[in-house]
Structures are given as structure tokens and as C-alpha cells.
>>> print(open('protein14.cif').read())   # mmCIF, C-alpha atoms and all ligand atoms
data_target
loop_
_atom_site.label_atom_id
_atom_site.label_comp_id
_atom_site.auth_asym_id
_atom_site.auth_seq_id
_atom_site.Cartn_x
_atom_site.Cartn_y
_atom_site.Cartn_z
CA MET A 1 0.00 0.00 0.00
CA TRP A 2 2.81 2.41 0.89
CA CYS A 3 4.64 1.65 -2.33
CA LEU A 4 1.52 2.23 -4.39
CA GLY A 5 0.84 5.48 -2.58
CA VAL A 6 4.39 6.69 -3.11
CA PHE A 7 4.24 5.75 -6.81
CA VAL A 8 0.97 7.64 -7.32
CA LEU A 9 2.41 10.62 -5.42
CA GLY A 10 5.38 10.55 -7.82
CA LEU A 11 3.03 10.47 -10.83
CA CYS A 12 1.17 13.53 -9.53
CA VAL A 13 4.44 15.39 -8.85
CA GLY A 14 5.60 14.42 -12.36
CA SER A 15 2.35 15.80 -13.76
CA PHE A 16 3.03 19.10 -11.99
CA LEU A 17 6.63 19.06 -13.26
CA ASN A 18 5.28 18.85 -16.81
CA VAL A 19 3.45 22.12 -16.22
CA LEU A 20 6.68 23.68 -14.91
CA ILE A 21 8.71 22.35 -17.84
CA ALA A 22 6.18 23.65 -20.37
CA ARG A 23 5.72 27.08 -18.83
CA LEU A 24 8.69 28.16 -16.70
CA PRO A 25 11.12 28.86 -19.58
CA TYR A 26 8.57 31.36 -20.94
CA GLU A 27 7.83 32.90 -17.52
CA LYS A 28 4.18 32.02 -17.77
CA SER A 29 2.06 31.60 -14.66
CA ILE A 30 2.10 28.03 -13.44
CA ILE A 31 -1.37 28.12 -11.88
CA TRP A 32 -3.39 30.19 -14.36
CA PRO A 33 -4.78 29.60 -16.92
CA SER A 34 -5.50 25.87 -16.80
CA SER A 35 -3.61 23.58 -19.17
CA ARG A 36 -4.46 24.15 -22.82
CA CYS A 37 -3.72 22.43 -26.09
CA PHE A 38 -0.78 24.29 -27.62
CA ALA A 39 -2.31 23.89 -31.11
CA CYS A 40 -6.02 24.74 -30.72
CA SER A 41 -5.80 26.49 -27.29
CA ARG A 42 -8.85 24.62 -26.01
CA PRO A 43 -8.57 23.80 -22.28
CA ILE A 44 -7.63 20.23 -21.49
CA ARG A 45 -10.35 18.43 -19.57
CA PHE A 46 -9.64 17.67 -15.94
CA THR A 47 -10.22 13.96 -16.55
CA ASP A 48 -7.78 13.96 -19.49
CA ASN A 49 -5.11 15.39 -17.19
CA VAL A 50 -4.95 12.23 -15.03
CA PRO A 51 -1.29 11.12 -15.05
CA ILE A 52 -0.39 8.38 -17.56
CA LEU A 53 -4.00 7.25 -18.12
CA GLY A 54 -5.07 10.51 -19.74
CA TYR A 55 -2.11 10.38 -22.10
CA LEU A 56 -2.58 6.71 -23.00
CA LEU A 57 -6.37 6.85 -23.47
CA LEU A 58 -6.05 9.72 -25.95
CA ARG A 59 -2.94 8.11 -27.48
CA GLY A 60 -0.95 11.26 -26.83
CA LYS A 61 -3.20 13.48 -28.93
CA CYS A 62 -5.49 16.44 -28.27
CA ARG A 63 -9.12 15.36 -27.76
CA PHE A 64 -10.36 18.05 -30.15
CA CYS A 65 -7.80 18.75 -32.87
CA LYS A 66 -5.72 15.53 -32.61
CA ALA A 67 -2.46 17.46 -32.44
CA PRO A 68 0.16 15.11 -30.96
CA PHE A 69 1.57 15.95 -27.54
CA SER A 70 5.25 15.41 -26.80
CA ALA A 71 6.12 12.00 -25.36
CA ARG A 72 7.95 13.99 -22.68
CA TYR A 73 4.69 14.32 -20.77
CA LEU A 74 4.51 10.56 -20.41
CA TRP A 75 8.19 10.02 -19.60
CA VAL A 76 8.46 12.75 -17.00
CA GLU A 77 5.36 11.48 -15.17
CA LEU A 78 6.41 7.85 -15.32
CA GLY A 79 10.03 8.71 -14.50
CA THR A 80 9.09 10.72 -11.42
CA GLY A 81 6.75 7.97 -10.23
CA VAL A 82 9.45 5.31 -10.63
CA ALA A 83 12.07 7.59 -9.02
CA PHE A 84 9.85 8.15 -5.96
CA LEU A 85 9.16 4.44 -5.68
CA ALA A 86 12.85 3.57 -6.03
CA LEU A 87 13.82 6.16 -3.43
CA PHE A 88 11.20 4.83 -1.00
CA VAL A 89 12.31 1.23 -1.47
CA ALA A 90 16.01 2.13 -1.16
CA GLU A 91 15.83 4.50 1.80
CA VAL A 92 12.88 3.25 3.85
CA LEU A 93 12.52 -0.45 3.04
CA VAL A 94 16.11 -1.50 2.27
CA ASN A 95 17.93 1.19 4.32
CA TRP A 96 20.47 1.66 1.55
CA HIS A 97 22.47 4.28 3.43
CA ARG A 98 22.86 1.93 6.39
CA ILE A 99 21.57 4.29 9.03
CA PRO A 100 20.96 2.11 12.11
CA GLU A 101 17.97 4.13 13.36
CA MET A 102 16.31 3.78 9.98
CA ASN A 103 16.12 0.02 9.95
CA PHE A 104 12.44 -0.36 9.13
CA ASN A 105 12.48 -4.16 9.29
CA ARG A 106 13.64 -4.16 12.89
CA LEU A 107 10.82 -1.93 14.01
CA ALA A 108 8.15 -4.61 13.32
CA SER A 109 5.47 -2.04 12.73
CA ASN A 110 2.95 -1.69 9.93
CA LEU A 111 3.64 1.99 9.38
CA PRO A 112 6.98 3.51 8.53
CA PRO A 113 7.72 5.79 11.47
CA GLY A 114 7.74 9.53 11.09
CA ARG A 115 11.50 9.79 10.86
CA CYS A 116 11.63 7.53 7.80
CA LEU A 117 8.93 9.61 6.13
CA ALA A 118 10.69 12.87 7.03
CA MET A 119 13.90 11.62 5.41
CA PHE A 120 12.00 10.33 2.38
CA GLY A 121 10.13 13.62 1.93
CA TYR A 122 13.36 15.60 2.26
CA HIS A 123 15.23 13.55 -0.30
CA ALA A 124 12.19 13.24 -2.61
CA THR A 125 12.23 17.06 -2.79
CA LEU A 126 15.82 16.92 -4.03
CA VAL A 127 14.95 14.21 -6.58
CA THR A 128 12.03 16.33 -7.82
CA GLY A 129 14.30 19.34 -8.23
CA LEU A 130 16.89 17.27 -10.10
CA ILE A 131 14.31 15.81 -12.50
CA ALA A 132 12.82 19.25 -13.19
CA ALA A 133 16.24 20.85 -13.77
CA ALA A 134 17.43 17.99 -16.00
CA ALA A 135 14.24 17.88 -18.09
CA ILE A 136 14.10 21.66 -18.63
CA ASP A 137 17.81 21.72 -19.48
CA ALA A 138 17.39 18.87 -21.96
CA GLU A 139 14.51 20.64 -23.70
CA HIS A 140 15.36 24.35 -23.42
CA ARG A 141 19.10 24.43 -22.54
CA ILE A 142 18.45 26.45 -19.40
CA ILE A 143 18.08 25.59 -15.71
CA PRO A 144 15.66 28.16 -14.24
CA MET A 145 16.42 29.69 -10.86
CA GLN A 146 12.72 29.29 -10.03
CA ILE A 147 13.48 25.55 -9.63
CA THR A 148 16.92 25.50 -8.05
CA TYR A 149 16.62 28.30 -5.49
CA PRO A 150 13.33 27.27 -3.79
CA VAL A 151 14.47 23.63 -3.63
CA MET A 152 17.80 24.76 -2.16
CA VAL A 153 15.92 26.68 0.56
CA VAL A 154 14.06 23.46 1.44
CA GLY A 155 17.45 21.75 1.60
CA ILE A 156 18.87 24.33 4.02
CA ILE A 157 15.80 24.39 6.30
CA GLY A 158 15.60 20.59 6.31
CA GLY A 159 19.32 20.39 7.03
CA ALA A 160 18.93 22.59 10.11
CA LEU A 161 15.95 20.50 11.29
CA MET A 162 17.65 17.13 10.68
CA PRO A 163 21.31 17.88 11.50
CA TRP A 164 23.98 15.21 11.28
CA PRO A 165 23.97 12.51 12.68
CA TRP A 166 20.13 12.68 12.74
CA PRO A 167 18.12 10.39 13.05
CA GLN A 168 20.76 8.83 15.25
CA PRO A 169 21.37 10.42 18.66
CA PRO A 170 24.22 12.97 18.79
CA SER A 171 26.22 10.54 20.94
CA THR A 172 26.69 8.45 17.77
CA ALA A 173 29.42 10.92 16.88
CA ASN A 174 31.39 9.46 19.80
CA ALA A 175 32.16 6.45 17.56
CA ILE A 176 35.17 8.58 16.72
CA PRO A 177 37.04 9.43 19.94
CA ALA A 178 37.09 13.11 20.89
CA GLY A 179 40.13 15.12 19.89
CA GLN A 180 41.20 12.73 17.11
CA PRO A 181 41.49 13.78 13.49
CA TRP A 182 38.69 12.18 11.45
CA PHE A 183 40.83 11.18 8.51
CA MET A 184 42.62 8.40 10.45
CA ILE A 185 39.94 5.88 9.50
CA GLN A 186 42.14 2.83 10.20
CA ASN A 187 42.69 3.97 13.80
CA PHE A 188 39.45 5.60 14.81
CA GLY A 189 36.65 4.31 12.57
CA LYS A 190 34.21 5.56 9.97
CA VAL A 191 32.14 8.71 10.13
CA PRO A 192 28.56 7.54 10.95
CA THR A 193 25.99 8.36 8.25
CA GLY A 194 22.87 10.47 8.82
CA VAL A 195 20.23 12.17 6.68
CA GLN A 196 22.97 14.66 5.87
CA PRO A 197 25.54 12.01 4.95
CA TRP A 198 28.50 13.76 6.61
CA PRO A 199 29.00 16.96 8.62
CA PHE A 200 30.92 19.71 6.82
CA TRP A 201 34.02 19.05 8.91
CA GLY A 202 35.28 16.76 11.62
CA PRO A 203 35.97 16.88 14.51
CA THR A 204 32.95 19.18 14.64
CA PRO A 205 33.72 22.66 15.99
CA ALA A 206 32.62 23.60 19.52
CA PHE A 207 30.02 26.12 18.34
CA ALA A 208 28.30 23.45 16.21
CA PRO A 209 28.27 20.16 18.16
CA PRO A 210 26.79 16.97 16.61
CA GLY A 211 23.00 17.07 16.44
CA SER A 212 22.76 20.86 16.78
CA TRP A 213 20.84 22.98 14.28
CA GLN A 214 23.97 25.09 13.84
CA LEU A 215 25.84 22.07 12.47
CA GLY A 216 22.97 21.13 10.15
CA LEU A 217 22.63 24.69 8.89
CA LEU A 218 26.38 25.07 8.31
CA THR A 219 26.58 21.69 6.57
CA SER A 220 23.80 22.70 4.16
CA LEU A 221 25.10 26.24 3.57
CA ILE A 222 28.67 25.08 2.95
CA GLY A 223 27.36 22.29 0.72
CA ALA A 224 25.40 24.78 -1.38
CA LEU A 225 28.33 27.19 -1.56
CA ALA A 226 30.79 24.45 -2.53
CA GLY A 227 28.44 23.04 -5.19
CA SER A 228 28.14 26.45 -6.80
CA LEU A 229 31.82 27.34 -6.46
CA VAL A 230 33.20 24.08 -7.85
CA VAL A 231 31.23 24.57 -11.10
CA ARG A 232 32.12 28.27 -11.31
CA ALA A 233 35.82 27.53 -10.71
CA THR A 234 35.79 24.73 -13.32
CA LYS A 235 33.97 27.01 -15.76
CA TRP A 236 36.47 29.83 -15.20
CA LEU A 237 39.55 27.62 -15.50
CA PHE A 238 38.29 25.76 -18.53
CA GLU A 239 37.12 28.85 -20.35
CA THR A 240 40.37 30.67 -19.58
CA GLY A 241 42.28 27.83 -21.19
CA PHE A 242 39.84 26.75 -23.88
CA GLY A 243 38.64 30.21 -24.90
CA ARG A 244 35.01 29.15 -25.37
CA GLU A 245 31.97 28.83 -23.17
CA ALA A 246 31.88 25.42 -21.49
CA LEU A 247 29.35 25.34 -18.67
CA GLY A 248 26.26 27.36 -17.80
CA LEU A 249 25.63 29.03 -14.49
CA GLY A 250 22.47 26.92 -14.29
CA ASP A 251 24.79 23.95 -13.81
CA ALA A 252 26.31 25.77 -10.81
CA ASP A 253 22.79 26.28 -9.44
CA LEU A 254 21.99 22.59 -9.88
CA LEU A 255 25.00 21.50 -7.80
CA MET A 256 24.27 24.28 -5.29
CA MET A 257 20.81 22.79 -4.81
CA ALA A 258 22.23 19.26 -4.40
CA GLY A 259 24.94 20.47 -2.00
CA ALA A 260 22.31 21.94 0.33
CA PHE A 261 20.89 18.42 0.80
CA LEU A 262 23.97 16.19 0.58
CA GLY A 263 26.87 18.30 1.85
CA TRP A 264 29.91 19.63 0.05
CA GLN A 265 31.74 16.29 -0.26
CA ILE A 266 29.06 14.67 -2.46
CA ALA A 267 28.46 17.94 -4.36
CA VAL A 268 32.13 18.23 -5.37
CA LEU A 269 32.43 14.58 -6.40
CA SER A 270 29.17 14.82 -8.35
CA LEU A 271 30.81 17.20 -10.82
CA PHE A 272 33.27 14.48 -11.85
CA ALA A 273 30.63 11.75 -11.90
CA GLY A 274 28.38 14.14 -13.82
CA ALA A 275 31.02 14.82 -16.47
CA PHE A 276 31.36 11.08 -17.01
CA ALA A 277 27.56 10.58 -17.11
CA GLY A 278 27.25 13.48 -19.55
CA LEU A 279 29.76 11.85 -21.90
CA MET A 280 27.88 8.54 -21.63
CA LEU A 281 24.59 10.29 -22.46
CA LYS A 282 26.17 11.95 -25.49
CA LEU A 283 27.56 8.60 -26.61
CA ALA A 284 24.16 6.92 -26.13
CA GLU A 285 22.46 9.69 -28.11
CA PHE A 286 25.00 9.31 -30.89
CA LEU A 287 24.53 5.52 -31.01
CA LEU A 288 20.72 5.72 -30.91
CA ARG A 289 20.33 8.48 -33.47
CA GLY A 290 23.34 7.69 -35.59
CA LYS A 291 24.23 11.37 -35.90
CA PRO A 292 25.51 14.07 -33.59
CA PRO A 293 22.66 16.08 -32.05
CA ASP A 294 21.95 19.46 -33.62
CA ASN A 295 22.72 22.41 -31.42
CA THR A 296 19.71 24.53 -32.30
CA VAL A 297 17.47 25.57 -29.44
CA PRO A 298 14.03 24.07 -30.10
CA THR A 299 11.57 26.86 -29.37
CA PRO A 300 8.24 27.72 -30.98
CA PRO A 301 8.65 30.92 -33.00
CA THR A 302 6.18 33.01 -31.03
CA LEU A 303 7.59 32.10 -27.62
CA VAL A 304 11.10 33.23 -26.80
CA PRO A 305 12.73 32.17 -23.51
CA VAL A 306 13.31 35.25 -21.40
CA THR A 307 15.89 33.78 -19.01
CA GLY A 308 18.99 35.08 -20.74
CA PRO A 309 20.11 34.45 -24.32
CA PRO A 310 20.17 30.82 -25.47
CA GLN A 311 23.67 29.54 -24.91
CA ALA A 312 25.31 27.65 -27.74
CA ARG A 313 26.63 24.89 -25.53
CA GLU A 314 27.78 21.59 -26.92
CA LEU A 315 25.22 19.61 -24.95
CA PRO A 316 22.96 20.26 -21.98
CA PHE A 317 25.00 19.27 -18.94
CA GLY A 318 22.03 19.26 -16.52
CA PRO A 319 20.87 15.65 -17.16
CA GLY A 320 24.41 14.27 -16.79
CA LEU A 321 24.98 16.32 -13.66
CA ALA A 322 21.68 15.12 -12.12
CA ILE A 323 22.66 11.50 -12.82
CA GLY A 324 26.10 12.21 -11.33
CA VAL A 325 24.53 13.53 -8.12
CA VAL A 326 22.28 10.49 -7.69
CA ALA A 327 25.08 8.04 -8.56
CA THR A 328 27.53 9.61 -6.11
CA TRP A 329 24.88 9.81 -3.40
CA PHE A 330 23.91 6.15 -3.72
CA ALA A 331 27.51 4.98 -4.04
CA TRP A 332 28.28 6.81 -0.77
CA PRO A 333 28.05 3.73 1.53
CA TRP A 334 31.10 2.41 -0.38
CA LEU A 335 32.65 5.62 -1.65
CA GLY A 336 32.46 7.57 1.59
CA PRO A 337 34.79 5.42 3.74
CA GLN A 338 37.30 5.27 0.85
CA LEU A 339 37.44 9.05 0.67
CA GLN A 340 37.43 9.82 4.37
CA PHE A 341 41.18 10.43 4.38
CA PRO A 342 41.39 13.28 1.84
CA PHE A 343 38.01 14.79 2.77
CA PHE A 344 38.84 15.36 6.44
CA ASP A 345 42.51 16.30 6.00
CA GLY A 346 42.88 19.98 5.15
CA GLU A 347 46.41 19.77 3.77
CA THR A 348 45.74 16.85 1.38
CA LEU A 349 42.53 18.55 0.30
CA GLY A 350 44.37 21.76 -0.55
CA TRP A 351 47.01 19.93 -2.59
CA LEU A 352 44.39 17.86 -4.45
CA GLY A 353 42.40 20.98 -5.29
CA ALA A 354 45.45 22.85 -6.53
CA MET A 355 46.61 19.90 -8.65
CA MET A 356 43.16 19.47 -10.22
CA GLY A 357 43.00 23.19 -11.00
CA VAL A 358 46.36 23.13 -12.75
CA GLY A 359 45.47 19.90 -14.56
CA LEU A 360 42.18 21.34 -15.78
CA LEU A 361 43.83 24.51 -17.06
CA ALA A 362 46.48 22.44 -18.83
CA ALA A 363 43.87 20.16 -20.41
CA ALA A 364 41.87 23.16 -21.61
CA LEU A 365 44.98 24.77 -23.10
CA PHE A 366 45.83 21.50 -24.82
CA LEU A 367 42.32 21.29 -26.31
CA ARG A 368 42.47 24.92 -27.43
CA ARG A 369 45.03 24.45 -30.21
CA PRO A 370 42.88 22.51 -32.75
CA ALA A 371 39.97 24.87 -32.08
CA GLU A 372 42.08 27.85 -33.09
CA ALA A 373 42.84 26.28 -36.44
CA GLU A 374 39.18 26.61 -37.46
CA PRO A 375 38.34 30.18 -38.39
CA ALA A 376 35.28 31.72 -36.74
CA ALA A 377 34.98 28.81 -34.33
CA ALA A 378 36.83 30.59 -31.53
CA ARG A 379 35.41 33.77 -30.17
ZN ZN B 401 -5.97 20.73 -29.70
#
>>> encode(input="protein14.cif", output="C-alpha cells", more="lines below")
Ligand SMILES: [Zn+2]
Amino acid sequence: MWCLGVFVLGLCVGSFLNVLIARLPYEKSIIWPSSRCFACSRPIRFTDNVPILGYLLLRGKCRFCKAPFSARYLWVELGTGVAFLALFVAEVLVNWHRIPEMNFNRLASNLPPGRCLAMFGYHATLVTGLIAAAAIDAEHRIIPMQITYPVMVVGIIGGALMPWPWPQPPSTANAIPAGQPWFMIQNFGKVPTGVQPWPFWGPTPAFAPPGSWQLGLLTSLIGALAGSLVVRATKWLFETGFGREALGLGDADLLMMAGAFLGWQIAVLSLFAGAFAGLMLKLAEFLLRGKPPDNTVPTPPTLVPVTGPPQARELPFGPGLAIGVVATWFAWPWLGPQLQFPFFDGETLGWLGAMMGVGLLAAALFLRRPAEAEPAAAR
């Protein structure tokens, strides 16, 4: 029953996302007027708007003029429903992140307790934001701030309300003896996981002890800041070397949103995982279509996106980045302990960051040379 309910909830959220995806890039109101056929402008009946069923019964066409609707409506609804169901199964039923307090099976109760639902709702908000940002980026090559900023605010408020190591008691942090550096995993043990996977730093400072709202707030704020900065720094370094636009600031907003929920460690790693996922998506598109995708921005002639000029990027990075965030987040039970050493050691972290910056600049400079050979390609 819970799984069915969660799936239907996901379908309804996906249905709402379709409205956002169709209207936000044009700064139209999302509540008024009611949904209309884009071809004949007749309002869509309430009963035809039922997720999935409405689309399938009408075979994806307008009831009146038979104009075909994009298959996106179906895929976004179904995708959000499946994503909600998968998140519920992974976090609440399977306890994927191995949080002892979240072990639903041990509780021998018919209802998931409130804490499980609070965590699910919190993370489902992030998943919703990621799907919306990825779908709008794929279709319109922009990631609107109207998606990323409100979801980030939910991430920061939720972080302060469920501070690490929540839902476990703050004493869980004592698994690592007081006064010891947290990177010595072989001597002192792993950092326990909470709804916020890790605190922003360890040992936690005196003004933000484990379980305090100050720690949760700082973890979310620093996560958001780091997510935004790592994309902006990469963009700046790459464009300095390469001489052409590489990433959009919407990509920075996407990682900022994810960092508010998952902390800076996952946000930073997600950029690398996202670059790999983006390449895989491009490869899949090439194999499926047999030709490189055209770079024109698909917009109806009468409706021009108002959120900045369309950027002639090679490919929308949002979908890859969203996949990178989810992959890193769900690999964390294995990835986290492996990376505890560099992530809690300031000196190693500084050296790694500096080396990556230099490497990125060098790679961009190396890639620049063939681009300069083509006239009018560089600007
Ligand atoms: Zn119509």
C-alpha cells in the first residue's frame, strides 16, 4: 500500500513538473490559466489530465484537434513515479544508506515511522528538483532559478531541522574518539551516516556540536556554496584555457541545490561523476540516433525564452549532472569510507584541489590548439 501510494504521489508530482517544464522557460504563470492544447488552445479536460492514463487513453493526442503531444509528458510522469518508488524502497525499506535508526524491518510495525517519512520527503524534494532541472535543461538548454533556489531553501531548512547525525542520537558521533582527526579511518573508525551524509568538517567545531541545528545549517550552507563554487571555478579555469563557453551558471545552481541536501563532499564529487555521465549520455544519443545532435534551441517561433540568451553549448549538462549527483549519493556507503582520508585532511585537500585546477587549465589549453585552427569557431 505504501509503495503504491508513493508511486501515485510521484506520478502527480511528475504531472506538476510537466506544467513547470512547459511554462517556466517562458515565464508564464504556473497556476493560471489551466492547461491548454498548444495547437487549438482549447482547455484540457480535468479527466484527461490524469497522469499516464489521460495520455494513453487519448494516445498522446489532443481530444479536439488531434495534435500530438510530446512524449515527454509521459516520460516525465512515469520517471518521477518510478524515481519516488525507487527512493522509497532504497531508503525506507532497504535502508540503503545503512543508518541504524532507519532500519524499518527491525521496528516490526505496519507503518513507517515519522523519521523515515521525514527523510524520504526531504530527499524526494531533491529528486524532484533534479528531474525538473534535468528535463528543462534537456529541452530548453536552461536551468531556471525558479526551480533551483526554492528547492535549495528546502534543503537548508531541512538540514537545520535534521542535522547530522540525525536520526541517530548525537552521541553516535562518539564512535570517533574526541580530539582525534577524522581522517585516520584505520585507527578511529568511519564517520557515521545520517540524513545529511557527513557533517561539513570533523571533529565538529565547539560552536556546532553533533545534532545541533547550527551544524545542520552550516553543513547545508557550505554544501550549497561548494556546489556552486566548484562549477564556477571549473567554468572559469576551462574557459580561460579553452577560450570558449563550457558550462552554464544553471549547472552551478543545480550543484548548489544538491549540495544543500547532501553536503559539500558529495556535491564536489558529483561534478566528476556528472562529467562522465554526460559523456555517456552523449555517446548513447550518438549511437541511438546515428548522428551528432543538432545544437539549435528548439523553441516555438512566437515564444522566446526570457531567461537570458540561449547559450550555444555543446550539450545540456544538466541531465548528466543530475545523474552524477544520484550516482555519487547512492555509491556513498562504499565511496564515503574510501574518501574519508582526503576529505577530512585539510592539507591533502588543498594539494588535491590545486593539482586538479592546474590539470584542468592544462587540459583546456591543450584542447584549445585545434579549435584555433578553425576560423570563426573561436570567439
Ligand atoms: Zn488541440
>>> closest_atom_pairs(input="protein14.cif", of="chain A", to="ligand ZN 401 (chain B)", cutoff="10 Å", atoms="all atoms listed in the file", output="CSV")
residue,atom,partner,partner_atom,distance
A:Arg36,CA,B:ZN401,ZN,7.8
A:Cys37,CA,B:ZN401,ZN,4.6
A:Phe38,CA,B:ZN401,ZN,6.6
A:Ala39,CA,B:ZN401,ZN,5.0
A:Cys40,CA,B:ZN401,ZN,4.1
A:Ser41,CA,B:ZN401,ZN,6.2
A:Arg42,CA,B:ZN401,ZN,6.1
A:Pro43,CA,B:ZN401,ZN,8.4
A:Ile44,CA,B:ZN401,ZN,8.4
A:Lys61,CA,B:ZN401,ZN,7.8
A:Cys62,CA,B:ZN401,ZN,4.5
A:Arg63,CA,B:ZN401,ZN,6.5
A:Phe64,CA,B:ZN401,ZN,5.2
A:Cys65,CA,B:ZN401,ZN,4.2
A:Lys66,CA,B:ZN401,ZN,6.0
A:Ala67,CA,B:ZN401,ZN,5.5
A:Pro68,CA,B:ZN401,ZN,8.4
A:Phe69,CA,B:ZN401,ZN,9.2
>>> atom_distance(input="protein14.cif", atom1="atom CA of A:Ile157", atom2="atom CA of A:Asp137")
26.0 Å
>>> residues_near_point(input="protein14.cif", point="(22.0, 19.5, 2.3)", cutoff="8 Å", atoms="all atoms listed in the file", output="number ranges by chain")
A: 155-156, 158-159, 196, 219-221, 223-224, 257-263
>>> atom_distance(input="protein14.cif", atom1="atom CA of A:Gly324", atom2="atom CA of A:Val151")
18.0 Å
>>> residues_around(input="protein14.cif", residues="A:Arg232", least_positions_apart="5", cutoff="10 Å", atoms="all atoms listed in the file", output="JSON, numbers by chain")
{"A": [226, 227, 237, 238, 247, 248, 249, 251, 252, 253]}
>>> axis_aligned_box(input="protein14.cif", around="stretch 141-151 of chain A", padding_each_side="3 Å", output="AutoDock Vina command-line options")
--center_x 15.9 --center_y 26.7 --center_z -13.1 --size_x 12.4 --size_y 12.1 --size_z 24.9
